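Note: the block below is target_26.cif and it holds mmCIF, C-alpha atoms and all ligand atoms.
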data_upload
#
loop_
_atom_site.group_PDB
_atom_site.id
_atom_site.type_symbol
_atom_site.label_atom_id
_atom_site.label_comp_id
_atom_site.auth_asym_id
_atom_site.auth_seq_id
_atom_site.Cartn_x
_atom_site.Cartn_y
_atom_site.Cartn_z
ATOM 1 C CA MET A 1 -46.996 -53.592 14.005
ATOM 2 C CA ALA A 2 -44.981 -53.800 17.242
ATOM 3 C CA ALA A 3 -44.106 -50.588 19.056
ATOM 4 C CA GLU A 4 -40.803 -49.165 17.926
ATOM 5 C CA GLU A 5 -37.836 -50.030 20.116
ATOM 6 C CA PRO A 6 -35.810 -47.015 21.208
ATOM 7 C CA GLN A 7 -32.537 -47.261 19.322
ATOM 8 C CA GLU A 8 -29.153 -46.059 20.358
ATOM 9 C CA LEU A 9 -28.296 -42.793 18.637
ATOM 10 C CA ARG A 10 -25.316 -42.628 16.329
ATOM 11 C CA LEU A 11 -23.270 -39.610 17.344
ATOM 12 C CA LEU A 12 -20.539 -37.852 15.380
ATOM 13 C CA ALA A 13 -18.176 -35.049 16.371
ATOM 14 C CA ILE A 14 -16.983 -33.177 13.281
ATOM 15 C CA VAL A 15 -13.669 -31.426 13.856
ATOM 16 C CA PRO A 16 -12.699 -28.976 11.097
ATOM 17 C CA ALA A 17 -8.950 -28.523 11.086
ATOM 18 C CA TYR A 18 -6.584 -26.373 9.098
ATOM 19 C CA ASN A 19 -2.963 -26.503 10.195
ATOM 20 C CA GLU A 20 -3.757 -27.378 13.796
ATOM 21 C CA GLU A 21 -0.681 -29.473 14.580
ATOM 22 C CA GLY A 22 0.225 -29.405 18.246
ATOM 23 C CA MET A 23 -3.443 -29.147 19.212
ATOM 24 C CA ILE A 24 -5.545 -31.503 17.098
ATOM 25 C CA GLY A 25 -4.392 -34.716 18.803
ATOM 26 C CA ARG A 26 -5.398 -33.347 22.169
ATOM 27 C CA VAL A 27 -8.788 -32.206 20.846
ATOM 28 C CA VAL A 28 -9.536 -35.692 19.484
ATOM 29 C CA ARG A 29 -8.465 -37.413 22.693
ATOM 30 C CA ASP A 30 -10.466 -34.987 24.845
ATOM 31 C CA ILE A 31 -13.641 -35.700 22.885
ATOM 32 C CA LYS A 32 -13.114 -39.446 23.184
ATOM 33 C CA ARG A 33 -12.510 -39.178 26.911
ATOM 34 C CA GLN A 34 -15.253 -36.727 27.793
ATOM 35 C CA ALA A 35 -17.941 -37.846 25.359
ATOM 36 C CA PRO A 36 -17.164 -41.489 24.602
ATOM 37 C CA GLY A 37 -20.423 -42.066 22.716
ATOM 38 C CA PHE A 38 -19.216 -39.864 19.853
ATOM 39 C CA ASN A 39 -17.217 -41.015 16.860
ATOM 40 C CA VAL A 40 -14.686 -38.365 15.908
ATOM 41 C CA LEU A 41 -14.270 -37.212 12.313
ATOM 42 C CA VAL A 42 -11.476 -34.750 11.604
ATOM 43 C CA VAL A 43 -11.962 -32.907 8.318
ATOM 44 C CA ASP A 44 -8.502 -31.885 7.276
ATOM 45 C CA ASP A 45 -8.898 -28.818 5.105
ATOM 46 C CA GLY A 46 -5.720 -29.120 3.033
ATOM 47 C CA SER A 47 -3.301 -28.689 5.944
ATOM 48 C CA THR A 48 0.378 -28.530 5.124
ATOM 49 C CA ASP A 49 1.577 -29.510 8.602
ATOM 50 C CA ALA A 50 1.240 -32.668 10.732
ATOM 51 C CA THR A 51 -2.507 -32.249 11.382
ATOM 52 C CA VAL A 52 -3.465 -35.505 9.628
ATOM 53 C CA VAL A 53 -0.857 -37.643 11.390
ATOM 54 C CA GLU A 54 -1.722 -36.229 14.801
ATOM 55 C CA ALA A 55 -5.464 -36.675 14.213
ATOM 56 C CA GLU A 56 -4.942 -40.305 13.189
ATOM 57 C CA ASP A 57 -2.680 -40.929 16.174
ATOM 58 C CA GLY A 58 -5.443 -39.581 18.386
ATOM 59 C CA GLY A 59 -7.797 -42.219 16.936
ATOM 60 C CA ALA A 60 -9.985 -40.056 14.682
ATOM 61 C CA ILE A 61 -11.482 -40.927 11.333
ATOM 62 C CA VAL A 62 -9.827 -38.468 8.939
ATOM 63 C CA LEU A 63 -11.392 -37.012 5.832
ATOM 64 C CA ARG A 64 -8.943 -35.053 3.700
ATOM 65 C CA HIS A 65 -9.572 -32.199 1.333
ATOM 66 C CA PRO A 66 -6.935 -32.118 -1.415
ATOM 67 C CA PHE A 67 -6.822 -28.332 -1.033
ATOM 68 C CA ASN A 68 -8.158 -25.677 1.289
ATOM 69 C CA LEU A 69 -11.901 -24.976 1.020
ATOM 70 C CA GLY A 70 -12.399 -22.930 4.171
ATOM 71 C CA ILE A 71 -14.362 -23.741 7.288
ATOM 72 C CA GLY A 72 -17.741 -23.852 5.504
ATOM 73 C CA GLY A 73 -16.522 -26.415 2.990
ATOM 74 C CA ALA A 74 -14.916 -28.423 5.770
ATOM 75 C CA MET A 75 -18.141 -28.529 7.763
ATOM 76 C CA GLN A 76 -20.269 -29.420 4.749
ATOM 77 C CA SER A 77 -17.974 -32.375 4.045
ATOM 78 C CA GLY A 78 -18.496 -33.441 7.636
ATOM 79 C CA TYR A 79 -22.281 -33.218 7.354
ATOM 80 C CA LYS A 80 -22.246 -35.151 4.072
ATOM 81 C CA TYR A 81 -20.222 -37.845 5.788
ATOM 82 C CA ALA A 82 -22.691 -37.899 8.691
ATOM 83 C CA LEU A 83 -25.643 -38.230 6.315
ATOM 84 C CA ALA A 84 -24.022 -40.940 4.215
ATOM 85 C CA HIS A 85 -23.126 -42.958 7.309
ATOM 86 C CA GLY A 86 -26.496 -42.712 9.021
ATOM 87 C CA TYR A 87 -25.588 -40.540 11.984
ATOM 88 C CA ASP A 88 -28.446 -39.125 14.049
ATOM 89 C CA VAL A 89 -26.508 -36.304 15.664
ATOM 90 C CA ALA A 90 -23.498 -34.265 14.549
ATOM 91 C CA VAL A 91 -21.640 -31.645 16.536
ATOM 92 C CA GLN A 92 -18.937 -29.221 15.425
ATOM 93 C CA VAL A 93 -15.935 -29.101 17.734
ATOM 94 C CA ASP A 94 -13.209 -26.783 16.478
ATOM 95 C CA GLY A 95 -9.731 -28.207 15.980
ATOM 96 C CA ASP A 96 -8.062 -25.280 17.733
ATOM 97 C CA GLY A 97 -9.227 -26.438 21.166
ATOM 98 C CA GLN A 98 -11.666 -23.584 21.857
ATOM 99 C CA HIS A 99 -14.703 -25.818 22.335
ATOM 100 C CA LYS A 100 -14.839 -27.901 25.512
ATOM 101 C CA PRO A 101 -16.150 -31.420 24.884
ATOM 102 C CA GLU A 102 -17.292 -31.644 28.504
ATOM 103 C CA TYR A 103 -20.464 -29.820 27.339
ATOM 104 C CA LEU A 104 -21.418 -32.441 24.754
ATOM 105 C CA PRO A 105 -23.631 -34.535 27.075
ATOM 106 C CA GLN A 106 -25.542 -31.417 28.159
ATOM 107 C CA MET A 107 -25.985 -30.282 24.556
ATOM 108 C CA LEU A 108 -27.182 -33.745 23.575
ATOM 109 C CA ALA A 109 -29.723 -33.722 26.388
ATOM 110 C CA ALA A 110 -31.003 -30.315 25.265
ATOM 111 C CA LEU A 111 -31.433 -31.631 21.726
ATOM 112 C CA HIS A 112 -33.882 -34.251 22.884
ATOM 113 C CA THR A 113 -35.568 -33.360 26.099
ATOM 114 C CA GLY A 114 -38.883 -31.795 27.036
ATOM 115 C CA ASP A 115 -39.550 -28.161 26.326
ATOM 116 C CA ALA A 116 -35.987 -27.616 25.151
ATOM 117 C CA GLU A 117 -36.463 -29.992 22.213
ATOM 118 C CA ALA A 118 -34.558 -28.531 19.292
ATOM 119 C CA ASP A 119 -33.016 -29.344 15.934
ATOM 120 C CA MET A 120 -29.882 -27.363 16.694
ATOM 121 C CA VAL A 121 -28.352 -26.675 20.079
ATOM 122 C CA TYR A 122 -25.411 -24.361 20.285
ATOM 123 C CA GLY A 123 -23.040 -23.176 22.955
ATOM 124 C CA THR A 124 -23.201 -19.457 23.703
ATOM 125 C CA ARG A 125 -20.393 -17.546 25.435
ATOM 126 C CA PHE A 126 -22.587 -14.556 26.130
ATOM 127 C CA ARG A 127 -25.141 -15.672 28.670
ATOM 128 C CA GLY A 128 -22.543 -15.678 31.420
ATOM 129 C CA ASP A 129 -18.780 -15.789 31.795
ATOM 130 C CA PRO A 130 -17.288 -16.567 28.340
ATOM 131 C CA GLY A 131 -14.336 -18.289 30.023
ATOM 132 C CA TYR A 132 -11.715 -16.115 28.318
ATOM 133 C CA ARG A 133 -11.261 -12.531 27.217
ATOM 134 C CA VAL A 134 -13.151 -12.190 23.959
ATOM 135 C CA PRO A 135 -11.560 -9.371 21.925
ATOM 136 C CA LEU A 136 -13.632 -6.176 21.806
ATOM 137 C CA GLY A 137 -13.972 -6.143 18.010
ATOM 138 C CA ARG A 138 -15.283 -9.685 18.075
ATOM 139 C CA ARG A 139 -17.768 -8.834 20.812
ATOM 140 C CA LEU A 140 -19.044 -5.873 18.855
ATOM 141 C CA GLY A 141 -19.450 -7.794 15.605
ATOM 142 C CA ASN A 142 -21.186 -10.517 17.512
ATOM 143 C CA LEU A 143 -23.569 -8.041 19.138
ATOM 144 C CA ILE A 144 -24.614 -6.597 15.768
ATOM 145 C CA PHE A 145 -25.361 -10.033 14.325
ATOM 146 C CA SER A 146 -27.065 -10.969 17.554
ATOM 147 C CA LEU A 147 -29.469 -8.020 17.283
ATOM 148 C CA VAL A 148 -30.229 -8.722 13.627
ATOM 149 C CA LEU A 149 -30.808 -12.454 14.103
ATOM 150 C CA THR A 150 -32.817 -11.963 17.277
ATOM 151 C CA ALA A 151 -35.115 -9.621 15.337
ATOM 152 C CA ILE A 152 -35.432 -12.033 12.411
ATOM 153 C CA THR A 153 -35.950 -15.226 14.383
ATOM 154 C CA ARG A 154 -37.893 -13.600 17.242
ATOM 155 C CA GLN A 155 -35.869 -15.556 19.763
ATOM 156 C CA LYS A 156 -32.733 -14.552 21.624
ATOM 157 C CA ILE A 157 -29.622 -15.475 19.675
ATOM 158 C CA THR A 158 -26.815 -14.259 21.913
ATOM 159 C CA ASP A 159 -23.764 -15.792 20.172
ATOM 160 C CA PRO A 160 -24.418 -16.239 16.455
ATOM 161 C CA THR A 161 -20.705 -16.566 15.628
ATOM 162 C CA SER A 162 -20.208 -19.565 17.896
ATOM 163 C CA GLY A 163 -19.197 -22.626 15.912
ATOM 164 C CA PHE A 164 -19.929 -24.976 18.809
ATOM 165 C CA ARG A 165 -23.202 -26.406 17.533
ATOM 166 C CA MET A 166 -25.002 -29.721 17.509
ATOM 167 C CA VAL A 167 -27.720 -30.768 15.071
ATOM 168 C CA ASN A 168 -30.116 -33.684 14.788
ATOM 169 C CA ARG A 169 -30.851 -35.651 11.625
ATOM 170 C CA ARG A 170 -32.890 -32.809 10.138
ATOM 171 C CA GLY A 171 -29.999 -30.432 10.663
ATOM 172 C CA ILE A 172 -27.580 -32.932 9.142
ATOM 173 C CA GLU A 173 -29.823 -33.299 6.077
ATOM 174 C CA LEU A 174 -30.112 -29.551 5.643
ATOM 175 C CA PHE A 175 -26.411 -28.793 6.028
ATOM 176 C CA ALA A 176 -25.261 -31.754 3.922
ATOM 177 C CA ARG A 177 -27.316 -30.307 1.078
ATOM 178 C CA ASP A 178 -26.297 -26.696 1.486
ATOM 179 C CA TYR A 179 -23.953 -24.939 3.880
ATOM 180 C CA PRO A 180 -22.732 -21.345 3.678
ATOM 181 C CA HIS A 181 -19.116 -20.663 2.796
ATOM 182 C CA ASP A 182 -16.837 -17.958 4.121
ATOM 183 C CA TYR A 183 -17.749 -17.278 7.763
ATOM 184 C CA PRO A 184 -20.757 -19.599 7.723
ATOM 185 C CA GLU A 185 -21.988 -19.525 11.326
ATOM 186 C CA VAL A 186 -24.298 -16.519 11.191
ATOM 187 C CA GLU A 187 -25.812 -17.453 7.840
ATOM 188 C CA ALA A 188 -26.333 -21.020 8.990
ATOM 189 C CA ILE A 189 -28.609 -19.752 11.761
ATOM 190 C CA LEU A 190 -30.750 -17.930 9.211
ATOM 191 C CA MET A 191 -30.849 -21.112 7.116
ATOM 192 C CA LEU A 192 -32.140 -23.062 10.099
ATOM 193 C CA HIS A 193 -34.800 -20.432 10.738
ATOM 194 C CA ASN A 194 -35.793 -20.282 7.054
ATOM 195 C CA ASN A 195 -36.234 -24.048 7.056
ATOM 196 C CA ARG A 196 -38.256 -23.979 10.282
ATOM 197 C CA LEU A 197 -35.734 -25.849 12.344
ATOM 198 C CA ARG A 198 -35.747 -25.076 16.062
ATOM 199 C CA ILE A 199 -32.728 -23.479 17.725
ATOM 200 C CA HIS A 200 -31.783 -23.650 21.395
ATOM 201 C CA GLU A 201 -28.892 -22.051 23.303
ATOM 202 C CA VAL A 202 -26.947 -23.506 26.193
ATOM 203 C CA GLN A 203 -24.476 -21.458 28.164
ATOM 204 C CA VAL A 204 -20.861 -22.568 27.788
ATOM 205 C CA ARG A 205 -17.384 -21.333 28.557
ATOM 206 C CA MET A 206 -14.758 -21.565 25.866
ATOM 207 C CA ASN A 207 -10.974 -21.539 25.761
ATOM 208 C CA ALA A 208 -8.925 -18.843 24.107
ATOM 209 C CA ARG A 209 -7.257 -20.125 20.956
ATOM 210 C CA GLY A 210 -3.979 -21.560 22.317
ATOM 211 C CA PHE A 211 -1.751 -20.988 19.334
ATOM 212 C CA GLY A 212 -2.001 -21.331 15.570
ATOM 213 C CA ARG A 213 -3.662 -18.700 13.416
ATOM 214 C CA SER A 214 -7.160 -17.363 13.658
ATOM 215 C CA SER A 215 -8.970 -17.011 10.349
ATOM 216 C CA ILE A 216 -10.204 -13.548 11.331
ATOM 217 C CA ASP A 217 -7.634 -10.760 11.302
ATOM 218 C CA TYR A 218 -8.585 -7.073 11.096
ATOM 219 C CA PRO A 219 -8.921 -6.588 7.332
ATOM 220 C CA ARG A 220 -10.934 -9.751 7.149
ATOM 221 C CA ALA A 221 -13.197 -8.662 9.989
ATOM 222 C CA ALA A 222 -14.480 -5.779 7.825
ATOM 223 C CA TYR A 223 -15.071 -8.158 4.929
ATOM 224 C CA TYR A 224 -16.795 -10.549 7.355
ATOM 225 C CA MET A 225 -19.265 -7.882 8.508
ATOM 226 C CA VAL A 226 -20.191 -6.708 5.008
ATOM 227 C CA LYS A 227 -20.368 -10.153 3.452
ATOM 228 C CA VAL A 228 -22.435 -11.740 6.197
ATOM 229 C CA MET A 229 -24.777 -8.748 6.495
ATOM 230 C CA LEU A 230 -25.451 -8.911 2.737
ATOM 231 C CA ALA A 231 -25.955 -12.649 2.918
ATOM 232 C CA LEU A 232 -28.497 -12.176 5.702
ATOM 233 C CA PHE A 233 -30.538 -9.718 3.686
ATOM 234 C CA VAL A 234 -30.435 -11.918 0.601
ATOM 235 C CA GLY A 235 -31.379 -14.873 2.804
ATOM 236 C CA LEU A 236 -34.424 -12.973 4.019
ATOM 237 C CA LEU A 237 -35.719 -12.800 0.451
ATOM 238 C CA ARG A 238 -35.650 -16.567 0.085
ATOM 239 C CA ARG A 239 -38.842 -18.607 0.143
ATOM 240 C CA ARG A 240 -39.680 -19.948 3.578
ATOM 241 C CA PRO A 241 -41.469 -23.300 3.252
ATOM 242 C CA ASP A 242 -44.336 -24.159 5.609
ATOM 243 C CA ALA A 243 -42.493 -27.159 6.975
ATOM 244 C CA PHE A 244 -39.036 -28.677 6.883
ATOM 245 C CA GLU A 245 -38.286 -30.157 3.459
ATOM 246 C CA GLY A 246 -35.891 -33.080 3.858
ATOM 247 C CA ALA A 247 -32.865 -33.806 1.700
ATOM 248 C CA PRO A 248 -32.708 -36.347 -1.102
ATOM 249 C CA PRO A 249 -30.656 -39.452 -0.260
ATOM 250 C CA PRO A 250 -26.894 -39.020 -0.690
ATOM 251 C CA ALA A 251 -25.278 -40.182 -3.924
ATOM 252 C CA THR A 252 -24.042 -43.731 -3.512
ATOM 253 C CA GLY A 253 -20.295 -44.160 -3.328
ATOM 254 C CA GLU A 254 -19.740 -40.512 -2.495
ATOM 255 C CA PHE A 255 -17.528 -41.463 0.387
ATOM 256 C CA ALA A 256 -16.196 -44.747 -0.941
ATOM 257 C CA ALA A 257 -12.638 -43.495 -0.649
ATOM 258 C CA VAL A 258 -12.850 -42.767 3.029
ATOM 259 C CA GLU A 259 -15.164 -45.620 3.869
ATOM 260 C CA ALA A 260 -12.481 -48.283 3.939
ATOM 261 C CA LYS A 261 -10.390 -46.080 6.156
ATOM 262 C CA ALA A 262 -13.241 -45.253 8.487
ATOM 263 C CA GLU A 263 -14.014 -48.895 9.166
ATOM 264 C CA GLY A 264 -11.943 -49.997 12.087
ATOM 265 C CA SER A 265 -9.872 -46.864 12.433
ATOM 266 C CA GLY A 266 -12.309 -44.620 14.152
ATOM 267 C CA GLY A 267 -14.483 -43.962 17.032
ATOM 268 C CA THR A 268 -16.268 -45.821 19.686
ATOM 269 C CA ALA A 269 -19.912 -46.215 18.755
HETATM 270 N N1 LIG B 1 -8.502 -20.526 9.604
HETATM 271 C C1 LIG B 1 -9.113 -21.532 8.994
HETATM 272 N N2 LIG B 1 -9.648 -22.473 9.753
HETATM 273 C C2 LIG B 1 -10.195 -23.500 9.156
HETATM 274 C C3 LIG B 1 -10.209 -23.626 7.750
HETATM 275 N N3 LIG B 1 -10.782 -24.774 7.444
HETATM 276 C C4 LIG B 1 -11.083 -25.350 8.599
HETATM 277 N N4 LIG B 1 -10.733 -24.589 9.664
HETATM 278 C C5 LIG B 1 -10.918 -24.905 11.105
HETATM 279 O O1 LIG B 1 -12.083 -24.210 11.539
HETATM 280 C C6 LIG B 1 -12.038 -23.969 12.930
HETATM 281 C C7 LIG B 1 -12.411 -22.527 13.216
HETATM 282 O O2 LIG B 1 -11.466 -21.644 12.674
HETATM 283 P P1 LIG B 1 -10.894 -20.405 13.500
HETATM 284 O O3 LIG B 1 -9.876 -19.743 12.656
HETATM 285 O O4 LIG B 1 -10.481 -20.872 14.863
HETATM 286 O O5 LIG B 1 -12.157 -19.458 13.603
HETATM 287 P P2 LIG B 1 -12.831 -18.861 14.907
HETATM 288 O O6 LIG B 1 -12.863 -19.884 16.001
HETATM 289 O O7 LIG B 1 -14.125 -18.277 14.485
HETATM 290 O O8 LIG B 1 -11.847 -17.675 15.285
HETATM 291 P P3 LIG B 1 -10.938 -17.474 16.588
HETATM 292 O O9 LIG B 1 -11.898 -17.153 17.714
HETATM 293 O O10 LIG B 1 -10.058 -16.350 16.263
HETATM 294 O O11 LIG B 1 -10.208 -18.762 16.819
HETATM 295 C C8 LIG B 1 -10.629 -24.366 13.391
HETATM 296 O O12 LIG B 1 -10.725 -25.633 14.002
HETATM 297 C C9 LIG B 1 -9.851 -24.430 12.082
HETATM 298 O O13 LIG B 1 -8.795 -25.350 12.158
HETATM 299 C C10 LIG B 1 -9.655 -22.595 6.932
HETATM 300 O O14 LIG B 1 -9.633 -22.628 5.723
HETATM 301 N N5 LIG B 1 -9.123 -21.567 7.612
HETATM 302 MG MG MG B 2 -11.199 -20.677 16.808
#

Same coordinates, now as structure tokens:
Amino acid sequence: MAAEEPQELRLLAIVPAYNEEGMIGRVVRDIKRQAPGFNVLVVDDGSTDATVVEAEDGGAIVLRHPFNLGIGGAMQSGYKYALAHGYDVAVQVDGDGQHKPEYLPQMLAALHTGDAEADMVYGTRFRGDPGYRVPLGRRLGNLIFSLVLTAITRQKITDPTSGFRMVNRRGIELFARDYPHDYPEVEAILMLHNNRLRIHEVQVRMNARGFGRSSIDYPRAAYYMVKVMLALFVGLLRRRPDAFEGAPPPATGEFAAVEAKAEGSGGTA
């Protein structure tokens, strides 16, 4: 058999969006300009404003939830789409403009090169200047999860609540099959570890949320801490296989509804 030709990777940016009008169009255009190899999929999570129209105007493929599922559900839809459409790499870029697409090439390089080879590369705010003033409560919560996950994974996890993360095909398969709901970022790191996928951090700066509403207000922050801490301890009890166990193939026709729309309307690759 002839040696395998290196193939061009299929790259997808998944942009979860819930009522992000006024920002989402800019986010889509920024990704296309700064990382032109990526197709852009906006997962509209039941928005009641002009998010869908603005995302389409920006040139994104748009997947719509008929009602709000939360960020975890939005991301899992994105990963299922990536799996069904044969993408090799998927990256989460939040629809509120906090994640800077200028880092995508660097993250992609870290996913594939030399000693940094990883299944998931994520952008951490806490290895240097975060780029904006991270609220104290958020820093503290982050520090607690950072200590717990660093102890569990035995590698430094400095920003476990960062949603700015890129996965390879193994990560796509894992997250398409199962993705945590309700503040999923921290739990997703434990899932990666439990499934023996390799994690790598790159230092990034982020933007403060411009406008729109954050999902984490003070009462919810307390719920966040308790819920995620419990989930971590339950996650620790789960079986840890010796090697990565891949996902079954996606059900055919799962994305038939969006497929017609995706053809021609989206992306660059
Ligand atoms: N708030 C919220 N965001 C959602 C939902 N579904 C998808 N998203 C998107 O998920 C992304 C992250 O949500 P944020 O509320 O910004 O969460 P965060 O970045 O951890 O919190 P902040 O630092 O306060 O912005 C944004 O792009 C949202 O538009 C949902 O049900 N609620
Ligand atoms: Mg945000």

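Environment of ligand MG 2 (chain B), defined as every protein or nucleic acid residue with an atom within 6 Å of it and counting only C-alpha atoms and all ligand atoms, comprises Asp96, Gln98 and Arg209 of chain A.
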
Shell of 8 Å around stretch 228-240 of chain A, all atoms listed in the file, local chain residues under 6 positions omitted, as a compact mmCIF listing (two decimals) with C-alpha atoms, in the coordinates of the input:
# COMPACT_ATOMS: atom_id res chain seq x y z
CA PHE A 145 -25.36 -10.03 14.32
CA TYR A 183 -17.75 -17.28 7.76
CA VAL A 186 -24.30 -16.52 11.19
CA GLU A 187 -25.81 -17.45 7.84
CA LEU A 190 -30.75 -17.93 9.21
CA MET A 191 -30.85 -21.11 7.12
CA ASN A 194 -35.79 -20.28 7.05
CA ASN A 195 -36.23 -24.05 7.06
CA ARG A 196 -38.26 -23.98 10.28

Reference answer for the PyMOL selection byres (((chain A and resi 23) around 12) and not hetatm), as a PyMOL selection string: chain A and resi 15+17-22+24-30+49-55+58+94-98+209-213

Keeping only C-alpha atoms, write the selected residues to a file as a PDB file, in the frame of the given file.
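The file below, selection-v9.pdb, is the result:
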ATOM      1  CA  VAL A  15     -13.669 -31.426  13.856  1.00  0.00           C
ATOM      2  CA  ALA A  17      -8.950 -28.523  11.086  1.00  0.00           C
ATOM      3  CA  TYR A  18      -6.584 -26.373   9.098  1.00  0.00           C
ATOM      4  CA  ASN A  19      -2.963 -26.503  10.195  1.00  0.00           C
ATOM      5  CA  GLU A  20      -3.757 -27.378  13.796  1.00  0.00           C
ATOM      6  CA  GLU A  21      -0.681 -29.473  14.580  1.00  0.00           C
ATOM      7  CA  GLY A  22       0.225 -29.405  18.246  1.00  0.00           C
ATOM      8  CA  ILE A  24      -5.545 -31.503  17.098  1.00  0.00           C
ATOM      9  CA  GLY A  25      -4.392 -34.716  18.803  1.00  0.00           C
ATOM     10  CA  ARG A  26      -5.398 -33.347  22.169  1.00  0.00           C
ATOM     11  CA  VAL A  27      -8.788 -32.206  20.846  1.00  0.00           C
ATOM     12  CA  VAL A  28      -9.536 -35.692  19.484  1.00  0.00           C
ATOM     13  CA  ARG A  29      -8.465 -37.413  22.693  1.00  0.00           C
ATOM     14  CA  ASP A  30     -10.466 -34.987  24.845  1.00  0.00           C
ATOM     15  CA  ASP A  49       1.577 -29.510   8.602  1.00  0.00           C
ATOM     16  CA  ALA A  50       1.240 -32.668  10.732  1.00  0.00           C
ATOM     17  CA  THR A  51      -2.507 -32.249  11.382  1.00  0.00           C
ATOM     18  CA  VAL A  52      -3.465 -35.505   9.628  1.00  0.00           C
ATOM     19  CA  VAL A  53      -0.857 -37.643  11.390  1.00  0.00           C
ATOM     20  CA  GLU A  54      -1.722 -36.229  14.801  1.00  0.00           C
ATOM     21  CA  ALA A  55      -5.464 -36.675  14.213  1.00  0.00           C
ATOM     22  CA  GLY A  58      -5.443 -39.581  18.386  1.00  0.00           C
ATOM     23  CA  ASP A  94     -13.209 -26.783  16.478  1.00  0.00           C
ATOM     24  CA  GLY A  95      -9.731 -28.207  15.980  1.00  0.00           C
ATOM     25  CA  ASP A  96      -8.062 -25.280  17.733  1.00  0.00           C
ATOM     26  CA  GLY A  97      -9.227 -26.438  21.166  1.00  0.00           C
ATOM     27  CA  GLN A  98     -11.666 -23.584  21.857  1.00  0.00           C
ATOM     28  CA  ARG A 209      -7.257 -20.125  20.956  1.00  0.00           C
ATOM     29  CA  GLY A 210      -3.979 -21.560  22.317  1.00  0.00           C
ATOM     30  CA  PHE A 211      -1.751 -20.988  19.334  1.00  0.00           C
ATOM     31  CA  GLY A 212      -2.001 -21.331  15.570  1.00  0.00           C
ATOM     32  CA  ARG A 213      -3.662 -18.700  13.416  1.00  0.00           C
TER      33      ARG A 213
END

In the coordinate frame of the file, compute which residues have an atom within 10 Å of (-33.3, -34.5, 5.8) when using all atoms listed in the file, and state them as a PyMOL selection string. chain A and resi 83+168-177+244-249

The PyMOL selection byres (((chain A and resi 141) around 10) and not hetatm) - which residues does that actually catch in the file I just gave you? List them as a list in words. Leu136, Gly137, Arg138, Arg139, Leu140, Asn142, Leu143, Ile144, Phe145, Ser146, Pro160, Thr161, Ala221, Ala222, Tyr224 and Met225 of chain A

Residues within 6 Å of A:Phe164, only C-alpha atoms, excluding chain neighbours under 6 positions, as a ChimeraX atom specification: /A:92-93,122-123

Selection near A:Pro16, 7 Å with all atoms listed in the file, sequence-local residues under 2 positions removed, as a ChimeraX atom specification: /A:14,18,42-44,71,74-75,94-95

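Here atom CA of A:Ala35 is placed at a distance of 23.8 Å from atom CA of A:Arg198.
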
Residues in the PyMOL selection byres (((chain A and resi 121) around 12) and not hetatm), expressed as a count of residues only: 44

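The spacing separating atom CA of A:Ala151 from atom O8 of ligand LIG 1 (chain B) amounts to 24.6 Å.
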
Quick one: what's the axis-aligned box for ligand LIG 1 (chain B), all listed atoms, 3 Å on every side, centre and edges in Å to one decimal, as lines of an AutoDock Vina configuration file?
center_x = -11.3
center_y = -21.0
center_z = 11.7
size_x = 11.6
size_y = 15.3
size_z = 18.0

Could I get stretch 103-113 of chain A rebuilt with N, CA and C atoms, written as a PDB file, keeping the file's coordinate frame?
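Heads up, here's the output in rebuild38.pdb:
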ATOM      1  N   TYR A 103     -19.075 -30.265  27.487  1.00  0.00           N
ATOM      2  CA  TYR A 103     -20.464 -29.820  27.339  1.00  0.00           C
ATOM      3  C   TYR A 103     -21.294 -30.722  26.429  1.00  0.00           C
ATOM      4  N   LEU A 104     -20.663 -31.664  25.751  1.00  0.00           N
ATOM      5  CA  LEU A 104     -21.418 -32.441  24.754  1.00  0.00           C
ATOM      6  C   LEU A 104     -22.616 -33.192  25.359  1.00  0.00           C
ATOM      7  N   PRO A 105     -22.463 -33.845  26.528  1.00  0.00           N
ATOM      8  CA  PRO A 105     -23.631 -34.535  27.075  1.00  0.00           C
ATOM      9  C   PRO A 105     -24.799 -33.587  27.351  1.00  0.00           C
ATOM     10  N   GLN A 106     -24.488 -32.397  27.862  1.00  0.00           N
ATOM     11  CA  GLN A 106     -25.542 -31.417  28.159  1.00  0.00           C
ATOM     12  C   GLN A 106     -26.220 -30.946  26.866  1.00  0.00           C
ATOM     13  N   MET A 107     -25.418 -30.727  25.828  1.00  0.00           N
ATOM     14  CA  MET A 107     -25.985 -30.282  24.556  1.00  0.00           C
ATOM     15  C   MET A 107     -26.870 -31.382  23.961  1.00  0.00           C
ATOM     16  N   LEU A 108     -26.414 -32.609  24.093  1.00  0.00           N
ATOM     17  CA  LEU A 108     -27.182 -33.745  23.575  1.00  0.00           C
ATOM     18  C   LEU A 108     -28.517 -33.847  24.297  1.00  0.00           C
ATOM     19  N   ALA A 109     -28.479 -33.651  25.609  1.00  0.00           N
ATOM     20  CA  ALA A 109     -29.723 -33.722  26.388  1.00  0.00           C
ATOM     21  C   ALA A 109     -30.675 -32.626  25.924  1.00  0.00           C
ATOM     22  N   ALA A 110     -30.140 -31.433  25.678  1.00  0.00           N
ATOM     23  CA  ALA A 110     -31.003 -30.315  25.265  1.00  0.00           C
ATOM     24  C   ALA A 110     -31.602 -30.544  23.877  1.00  0.00           C
ATOM     25  N   LEU A 111     -30.930 -31.354  23.080  1.00  0.00           N
ATOM     26  CA  LEU A 111     -31.433 -31.631  21.726  1.00  0.00           C
ATOM     27  C   LEU A 111     -32.693 -32.498  21.785  1.00  0.00           C
ATOM     28  N   HIS A 112     -32.833 -33.239  22.865  1.00  0.00           N
ATOM     29  CA  HIS A 112     -33.882 -34.251  22.884  1.00  0.00           C
ATOM     30  C   HIS A 112     -34.916 -34.149  23.972  1.00  0.00           C
ATOM     31  N   THR A 113     -34.684 -33.264  24.951  1.00  0.00           N
ATOM     32  CA  THR A 113     -35.568 -33.360  26.099  1.00  0.00           C
ATOM     33  C   THR A 113     -36.608 -32.249  26.183  1.00  0.00           C
TER      34      THR A 113
END
